[in-house]
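Trainee: Sharing entry-v9.tsv below, TSV, N, CA, C and O atoms:
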```tsv
chain	number	residue	atom	x	y	z
F	91	MET	N	-7.73	26.40	-3.26
F	91	MET	CA	-8.97	25.69	-3.46
F	91	MET	C	-9.19	24.74	-2.28
F	91	MET	O	-8.31	24.00	-1.90
F	92	SER	N	-10.35	24.78	-1.72
F	92	SER	CA	-10.67	23.94	-0.57
F	92	SER	C	-11.70	22.88	-0.97
F	92	SER	O	-12.58	23.15	-1.78
F	93	THR	N	-11.54	21.73	-0.43
F	93	THR	CA	-12.51	20.66	-0.61
F	93	THR	C	-12.90	20.13	0.76
F	93	THR	O	-12.27	20.44	1.76
F	94	GLU	N	-13.92	19.31	0.79
F	94	GLU	CA	-14.35	18.69	2.04
F	94	GLU	C	-13.21	17.90	2.67
F	94	GLU	O	-12.99	17.95	3.87
F	95	LEU	N	-12.44	17.20	1.84
F	95	LEU	CA	-11.30	16.43	2.35
F	95	LEU	C	-10.23	17.37	2.93
F	95	LEU	O	-9.69	17.10	4.00
F	96	ALA	N	-9.96	18.46	2.26
F	96	ALA	CA	-8.99	19.44	2.77
F	96	ALA	C	-9.47	19.99	4.11
F	96	ALA	O	-8.67	20.17	5.04
F	97	ASP	N	-10.76	20.23	4.24
F	97	ASP	CA	-11.31	20.73	5.50
F	97	ASP	C	-11.15	19.71	6.61
F	97	ASP	O	-10.82	20.05	7.75
F	98	ARG	N	-11.38	18.42	6.31
F	98	ARG	CA	-11.19	17.37	7.32
F	98	ARG	C	-9.73	17.23	7.71
F	98	ARG	O	-9.41	17.01	8.89
F	99	MET	N	-8.84	17.35	6.74
F	99	MET	CA	-7.41	17.29	7.03
F	99	MET	C	-7.00	18.46	7.93
F	99	MET	O	-6.24	18.28	8.88
F	100	ALA	N	-7.52	19.64	7.64
F	100	ALA	CA	-7.21	20.82	8.46
F	100	ALA	C	-7.71	20.62	9.88
F	100	ALA	O	-7.01	20.97	10.85
F	101	ALA	N	-8.89	20.06	10.04
F	101	ALA	CA	-9.42	19.80	11.38
F	101	ALA	C	-8.52	18.85	12.15
F	101	ALA	O	-8.24	19.06	13.34
F	102	ARG	N	-8.03	17.81	11.49
F	102	ARG	CA	-7.13	16.86	12.14
F	102	ARG	C	-5.83	17.55	12.56
F	102	ARG	O	-5.33	17.33	13.66
F	103	LEU	N	-5.27	18.37	11.67
F	103	LEU	CA	-4.03	19.07	12.00
F	103	LEU	C	-4.24	20.04	13.17
F	103	LEU	O	-3.38	20.16	14.04
F	104	ARG	N	-5.39	20.72	13.19
F	104	ARG	CA	-5.68	21.62	14.32
F	104	ARG	C	-5.76	20.83	15.63
F	104	ARG	O	-5.23	21.25	16.65
F	105	GLU	N	-6.38	19.67	15.57
F	105	GLU	CA	-6.54	18.82	16.75
F	105	GLU	C	-5.19	18.30	17.27
F	105	GLU	O	-4.92	18.35	18.45
F	106	ARG	N	-4.36	17.84	16.35
F	106	ARG	CA	-3.11	17.17	16.75
F	106	ARG	C	-1.93	18.11	16.96
F	106	ARG	O	-1.08	17.86	17.80
F	107	LEU	N	-1.84	19.18	16.15
F	107	LEU	CA	-0.64	20.00	16.16
F	107	LEU	C	-0.86	21.43	16.65
F	107	LEU	O	0.09	22.22	16.69
F	108	GLN	N	-2.08	21.79	16.99
F	108	GLN	CA	-2.40	23.11	17.54
F	108	GLN	C	-1.68	24.25	16.81
F	108	GLN	O	-0.92	25.02	17.41
F	109	PRO	N	-1.90	24.36	15.51
F	109	PRO	CA	-1.16	25.36	14.73
F	109	PRO	C	-1.54	26.80	15.06
F	109	PRO	O	-2.68	27.08	15.42
F	110	SER	N	-0.56	27.67	14.91
F	110	SER	CA	-0.81	29.10	15.02
F	110	SER	C	-1.19	29.66	13.65
F	110	SER	O	-1.78	30.74	13.56
F	111	ALA	N	-0.86	28.94	12.60
F	111	ALA	CA	-1.26	29.27	11.22
F	111	ALA	C	-1.42	27.96	10.47
F	111	ALA	O	-0.64	27.02	10.66
F	112	LEU	N	-2.46	27.88	9.63
F	112	LEU	CA	-2.71	26.64	8.89
F	112	LEU	C	-3.45	26.93	7.60
F	112	LEU	O	-4.41	27.70	7.58
F	113	GLU	N	-3.00	26.28	6.56
F	113	GLU	CA	-3.66	26.33	5.26
F	113	GLU	C	-3.50	24.96	4.62
F	113	GLU	O	-2.38	24.44	4.53
F	114	VAL	N	-4.60	24.35	4.21
F	114	VAL	CA	-4.56	23.07	3.49
F	114	VAL	C	-5.24	23.30	2.14
F	114	VAL	O	-6.42	23.64	2.08
F	115	LEU	N	-4.48	23.15	1.09
F	115	LEU	CA	-4.96	23.43	-0.27
F	115	LEU	C	-5.00	22.15	-1.08
F	115	LEU	O	-4.02	21.40	-1.12
F	116	ASP	N	-6.12	21.92	-1.75
F	116	ASP	CA	-6.24	20.80	-2.67
F	116	ASP	C	-5.73	21.27	-4.03
F	116	ASP	O	-6.36	22.09	-4.68
F	117	GLU	N	-4.56	20.79	-4.41
F	117	GLU	CA	-3.94	21.19	-5.68
F	117	GLU	C	-4.02	20.07	-6.72
F	117	GLU	O	-3.28	20.06	-7.70
F	118	SER	N	-4.94	19.16	-6.52
F	118	SER	CA	-5.05	17.98	-7.39
F	118	SER	C	-5.24	18.36	-8.86
F	118	SER	O	-4.70	17.69	-9.74
F	119	TRP	N	-5.99	19.40	-9.11
F	119	TRP	CA	-6.25	19.82	-10.49
F	119	TRP	C	-4.97	20.13	-11.24
F	119	TRP	O	-4.91	20.02	-12.46
F	120	GLN	N	-3.91	20.51	-10.52
F	120	GLN	CA	-2.63	20.83	-11.16
F	120	GLN	C	-1.84	19.57	-11.53
F	120	GLN	O	-0.82	19.67	-12.19
F	121	HIS	N	-2.31	18.42	-11.10
F	121	HIS	CA	-1.56	17.17	-11.27
F	121	HIS	C	-2.31	16.15	-12.12
F	121	HIS	O	-1.96	14.97	-12.11
F	122	GLU	N	-3.32	16.59	-12.83
F	122	GLU	CA	-4.06	15.67	-13.70
F	122	GLU	C	-3.10	15.01	-14.68
F	122	GLU	O	-2.23	15.66	-15.25
F	123	GLY	N	-3.24	13.71	-14.82
F	123	GLY	CA	-2.37	12.95	-15.71
F	123	GLY	C	-1.11	12.45	-15.03
F	123	GLY	O	-0.38	11.65	-15.60
F	124	HIS	N	-0.85	12.91	-13.81
F	124	HIS	CA	0.32	12.45	-13.06
F	124	HIS	C	-0.03	11.21	-12.25
F	124	HIS	O	-1.20	10.90	-12.03
F	125	ALA	N	0.99	10.55	-11.76
F	125	ALA	CA	0.78	9.39	-10.90
F	125	ALA	C	-0.07	9.79	-9.70
F	125	ALA	O	0.12	10.85	-9.12
F	126	GLY	N	-1.02	8.94	-9.37
F	126	GLY	CA	-1.85	9.17	-8.20
F	126	GLY	C	-3.08	10.02	-8.46
F	126	GLY	O	-3.96	10.07	-7.61
F	127	ALA	N	-3.17	10.68	-9.60
F	127	ALA	CA	-4.35	11.48	-9.91
F	127	ALA	C	-5.53	10.54	-10.14
F	127	ALA	O	-5.38	9.46	-10.70
F	128	ASN	N	-6.71	10.95	-9.71
F	128	ASN	CA	-7.88	10.08	-9.82
F	128	ASN	C	-8.83	10.48	-10.94
F	128	ASN	O	-9.90	9.91	-11.08
F	129	GLY	N	-8.48	11.49	-11.71
F	129	GLY	CA	-9.31	11.90	-12.84
F	129	GLY	C	-10.39	12.91	-12.50
F	129	GLY	O	-11.08	13.39	-13.38
F	130	THR	N	-10.55	13.26	-11.22
F	130	THR	CA	-11.59	14.21	-10.84
F	130	THR	C	-11.04	15.62	-10.62
F	130	THR	O	-11.81	16.57	-10.60
F	131	GLY	N	-9.73	15.72	-10.44
F	131	GLY	CA	-9.13	17.02	-10.14
F	131	GLY	C	-9.21	17.38	-8.67
F	131	GLY	O	-8.89	18.50	-8.29
F	132	PHE	N	-9.64	16.44	-7.83
F	132	PHE	CA	-9.78	16.68	-6.40
F	132	PHE	C	-9.29	15.49	-5.59
F	132	PHE	O	-9.37	14.34	-6.03
F	133	GLY	N	-8.79	15.77	-4.39
F	133	GLY	CA	-8.60	14.74	-3.39
F	133	GLY	C	-7.34	13.91	-3.43
F	133	GLY	O	-7.24	12.95	-2.68
F	134	THR	N	-6.35	14.27	-4.24
F	134	THR	CA	-5.15	13.43	-4.31
F	134	THR	C	-3.85	14.16	-3.98
F	134	THR	O	-2.94	13.54	-3.44
F	135	HIS	N	-3.74	15.42	-4.31
F	135	HIS	CA	-2.51	16.18	-4.12
F	135	HIS	C	-2.80	17.44	-3.30
F	135	HIS	O	-3.63	18.26	-3.70
F	136	PHE	N	-2.11	17.57	-2.17
F	136	PHE	CA	-2.39	18.67	-1.25
F	136	PHE	C	-1.13	19.41	-0.87
F	136	PHE	O	-0.04	18.84	-0.84
F	137	ARG	N	-1.31	20.69	-0.56
F	137	ARG	CA	-0.24	21.52	0.00
F	137	ARG	C	-0.68	21.90	1.41
F	137	ARG	O	-1.80	22.39	1.60
F	138	VAL	N	0.20	21.66	2.39
F	138	VAL	CA	-0.06	22.02	3.77
F	138	VAL	C	0.95	23.08	4.18
F	138	VAL	O	2.16	22.85	4.11
F	139	ARG	N	0.44	24.23	4.57
F	139	ARG	CA	1.28	25.30	5.14
F	139	ARG	C	0.89	25.39	6.61
F	139	ARG	O	-0.27	25.68	6.92
F	140	ILE	N	1.84	25.16	7.48
F	140	ILE	CA	1.51	25.08	8.89
F	140	ILE	C	2.65	25.64	9.74
F	140	ILE	O	3.82	25.43	9.46
F	141	ALA	N	2.25	26.37	10.77
F	141	ALA	CA	3.18	26.84	11.81
F	141	ALA	C	2.60	26.37	13.13
F	141	ALA	O	1.39	26.47	13.35
F	142	SER	N	3.46	25.84	13.98
F	142	SER	CA	2.98	25.34	15.26
F	142	SER	C	4.07	25.51	16.32
F	142	SER	O	5.25	25.26	16.04
F	143	PRO	N	3.67	25.87	17.53
F	143	PRO	CA	4.66	25.91	18.60
F	143	PRO	C	5.24	24.53	18.90
F	143	PRO	O	6.34	24.42	19.43
F	144	LEU	N	4.53	23.48	18.50
F	144	LEU	CA	5.05	22.12	18.69
F	144	LEU	C	6.27	21.85	17.81
F	144	LEU	O	6.98	20.86	18.02
F	145	PHE	N	6.50	22.70	16.82
F	145	PHE	CA	7.65	22.54	15.92
F	145	PHE	C	8.91	23.21	16.45
F	145	PHE	O	9.98	23.02	15.91
F	146	ASP	N	8.77	24.02	17.49
F	146	ASP	CA	9.91	24.77	18.01
F	146	ASP	C	11.07	23.82	18.36
F	146	ASP	O	10.87	22.83	19.06
F	147	GLY	N	12.24	24.14	17.83
F	147	GLY	CA	13.43	23.37	18.10
F	147	GLY	C	13.53	22.06	17.36
F	147	GLY	O	14.48	21.30	17.55
F	148	LYS	N	12.56	21.77	16.49
F	148	LYS	CA	12.57	20.51	15.74
F	148	LYS	C	13.10	20.73	14.32
F	148	LYS	O	12.88	21.77	13.72
F	149	SER	N	13.76	19.73	13.80
F	149	SER	CA	14.30	19.82	12.45
F	149	SER	C	13.16	19.77	11.42
F	149	SER	O	12.03	19.38	11.73
F	150	ARG	N	13.48	20.14	10.21
F	150	ARG	CA	12.51	20.10	9.12
F	150	ARG	C	11.96	18.69	8.96
F	150	ARG	O	10.76	18.49	8.76
F	151	VAL	N	12.83	17.69	9.03
F	151	VAL	CA	12.40	16.29	8.88
F	151	VAL	C	11.40	15.92	9.96
F	151	VAL	O	10.36	15.32	9.68
F	152	VAL	N	11.67	16.27	11.19
F	152	VAL	CA	10.77	15.94	12.30
F	152	VAL	C	9.43	16.67	12.14
F	152	VAL	O	8.37	16.09	12.37
F	153	ARG	N	9.47	17.94	11.72
F	153	ARG	CA	8.22	18.69	11.50
F	153	ARG	C	7.37	17.99	10.44
F	153	ARG	O	6.16	17.81	10.62
F	154	HIS	N	8.01	17.56	9.35
F	154	HIS	CA	7.28	16.86	8.29
F	154	HIS	C	6.74	15.53	8.79
F	154	HIS	O	5.61	15.15	8.46
F	155	GLN	N	7.51	14.82	9.59
F	155	GLN	CA	7.05	13.54	10.14
F	155	GLN	C	5.81	13.74	11.01
F	155	GLN	O	4.88	12.93	10.96
F	156	LEU	N	5.78	14.80	11.78
F	156	LEU	CA	4.61	15.08	12.62
F	156	LEU	C	3.36	15.32	11.77
F	156	LEU	O	2.28	14.85	12.10
F	157	VAL	N	3.53	16.03	10.66
F	157	VAL	CA	2.40	16.27	9.76
F	157	VAL	C	1.95	14.96	9.13
F	157	VAL	O	0.75	14.64	9.11
F	158	TYR	N	2.89	14.17	8.62
F	158	TYR	CA	2.53	12.87	8.02
F	158	TYR	C	1.84	11.96	9.03
F	158	TYR	O	0.86	11.29	8.69
F	159	GLN	N	2.33	11.92	10.26
F	159	GLN	CA	1.70	11.09	11.28
F	159	GLN	C	0.25	11.52	11.53
F	159	GLN	O	-0.64	10.68	11.66
F	160	ALA	N	0.03	12.81	11.59
F	160	ALA	CA	-1.32	13.32	11.82
F	160	ALA	C	-2.27	12.99	10.68
F	160	ALA	O	-3.47	12.78	10.89
F	161	LEU	N	-1.74	12.91	9.46
F	161	LEU	CA	-2.58	12.70	8.27
F	161	LEU	C	-2.52	11.28	7.72
F	161	LEU	O	-3.07	11.02	6.64
F	162	GLN	N	-1.90	10.36	8.42
F	162	GLN	CA	-1.70	9.01	7.90
F	162	GLN	C	-3.01	8.34	7.48
F	162	GLN	O	-3.07	7.67	6.45
F	163	ASP	N	-4.07	8.51	8.23
F	163	ASP	CA	-5.36	7.92	7.87
F	163	ASP	C	-5.83	8.39	6.50
F	163	ASP	O	-6.41	7.62	5.74
F	164	PHE	N	-5.61	9.66	6.20
F	164	PHE	CA	-6.05	10.21	4.92
F	164	PHE	C	-5.25	9.61	3.77
F	164	PHE	O	-5.77	9.42	2.68
F	165	ILE	N	-3.99	9.32	4.01
F	165	ILE	CA	-3.14	8.72	2.99
F	165	ILE	C	-3.57	7.27	2.77
F	165	ILE	O	-3.71	6.83	1.62
F	166	GLU	N	-3.81	6.55	3.84
F	166	GLU	CA	-4.15	5.13	3.74
F	166	GLU	C	-5.57	4.88	3.25
F	166	GLU	O	-5.81	3.93	2.50
F	167	ARG	N	-6.53	5.70	3.67
F	167	ARG	CA	-7.93	5.39	3.39
F	167	ARG	C	-8.64	6.33	2.43
F	167	ARG	O	-9.66	5.95	1.85
F	168	ASP	N	-8.12	7.55	2.28
F	168	ASP	CA	-8.86	8.53	1.49
F	168	ASP	C	-8.23	8.87	0.15
F	168	ASP	O	-8.68	9.78	-0.53
F	169	GLY	N	-7.17	8.17	-0.23
F	169	GLY	CA	-6.59	8.37	-1.54
F	169	GLY	C	-5.66	9.56	-1.68
F	169	GLY	O	-5.36	9.97	-2.80
F	170	VAL	N	-5.22	10.14	-0.56
F	170	VAL	CA	-4.25	11.23	-0.65
F	170	VAL	C	-2.94	10.64	-1.16
F	170	VAL	O	-2.38	9.73	-0.55
F	171	HIS	N	-2.47	11.13	-2.28
F	171	HIS	CA	-1.28	10.60	-2.93
F	171	HIS	C	-0.03	11.41	-2.60
F	171	HIS	O	1.06	10.84	-2.49
F	172	ALA	N	-0.18	12.72	-2.47
F	172	ALA	CA	1.00	13.57	-2.29
F	172	ALA	C	0.68	14.73	-1.36
F	172	ALA	O	-0.40	15.32	-1.41
F	173	LEU	N	1.69	15.05	-0.52
F	173	LEU	CA	1.61	16.20	0.36
F	173	LEU	C	2.85	17.06	0.13
F	173	LEU	O	3.97	16.57	0.23
F	174	ALA	N	2.64	18.31	-0.18
F	174	ALA	CA	3.73	19.29	-0.20
F	174	ALA	C	3.60	20.03	1.12
F	174	ALA	O	2.56	20.62	1.41
F	175	ILE	N	4.64	19.94	1.95
F	175	ILE	CA	4.55	20.47	3.31
F	175	ILE	C	5.49	21.65	3.48
F	175	ILE	O	6.67	21.56	3.17
F	176	GLU	N	4.93	22.74	3.98
F	176	GLU	CA	5.71	23.91	4.39
F	176	GLU	C	5.44	24.08	5.89
F	176	GLU	O	4.37	24.54	6.27
F	177	ALA	N	6.37	23.60	6.71
F	177	ALA	CA	6.16	23.60	8.16
F	177	ALA	C	7.20	24.50	8.82
F	177	ALA	O	8.40	24.34	8.62
F	178	ARG	N	6.71	25.43	9.63
F	178	ARG	CA	7.62	26.32	10.35
F	178	ARG	C	7.16	26.49	11.78
F	178	ARG	O	6.11	26.16	12.17
```
I need this file expressed as structure tokens, please.

Mentor:
Amino acid sequence: MSTELADRMAARLRERLQPSALEVLDESWQHEGHAGANGTGFGTHFRVRIASPLFDGKSRVVRHQLVYQALQDFIERDGVHALAIEAR
């Protein structure tokens, strides 16, 4: 499921990490009633699947840190509560 926020997050990741593959999914509807849910079913819980040549030779922790750094604004200002990251 894609939302406007997911599309903006994907644009940021494309800009910063030049992915060879990218998928940003809004999975908020699956987390209704959980911490951080906003009651709308959108905009709080996301799954990021990303592959980037910038990840070559980097540990899983470093790959995740790069994704978090790229999306920090969305966490601080847009109410993103959780990111499930699959980075390769």

Trainee: DSSP on the backbone: which residues in chain F end up as helix (DSSP H, G or I)? Give the answer as a PyMOL selection string.

Mentor: chain F and resi 94-107+118-121+143-145+150-167

Trainee: What are the DSSP strand (DSSP E) residues of chain F, as a PyMOL selection string?

Mentor: chain F and resi 111-116+135-141+172-177

Trainee: Using only C-alpha atoms, which protein or nucleic acid residues come within 8 Å of range 94-99 of chain F? Drop anything in the same chain fewer than 6 positions from it, and give the result as a PyMOL selection string.

Mentor: chain F and resi 114-116+133+136+161+164

Trainee: Please measure the separation of CA of Leu107 in chain F and CA of Arg139 in chain F, giving the value in Å to one decimal.

Mentor: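 Atom-to-atom, CA of Leu107 in chain F and CA of Arg139 in chain F are spaced 12.4 Å apart.
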
Trainee: When you draw a straight line from CA of His171 in chain F to atom O of Arg137 in chain F, how long is it in Å?

Mentor: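 Computed distance, CA of His171 in chain F to atom O of Arg137 in chain F, equals 12.6 Å.
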
Trainee: Point out the residue among F:Arg178, F:Asp168, F:Arg106, F:Glu117 with the least atom-to-atom distance to Val151 in chain F, counting only C-alpha atoms.

Mentor: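 Going through F:Arg178, F:Asp168, F:Arg106, F:Glu117 one by one, the smallest distance to Val151 in chain F is for F:Arg178.
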
Trainee: Which centre and which edge lengths, in Å to one decimal, describe the axis-aligned box that holds all listed atoms of range 156-169 of chain F after 6 Å is added on each side, as AutoDock Vina command-line options?

Mentor:
```
--center_x -1.9 --center_y 10.1 --center_z 4.9 --size_x 27.4 --size_y 24.3 --size_z 27.4
```

Trainee: If we count only N, CA, C and O atoms, what is near Thr134 in chain F at a cut-off of 5 Å, once residues fewer than 4 positions away on the same chain are taken out, given as number ranges by chain?

Mentor: F: 126, 169-172

Trainee: Could you please determine the separation between atom C of Ile140 in chain F and atom O of Gln159 in chain F in Å, to one decimal place?

Mentor: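 Pair atom C of Ile140 in chain F / atom O of Gln159 in chain F returns 15.4 Å.
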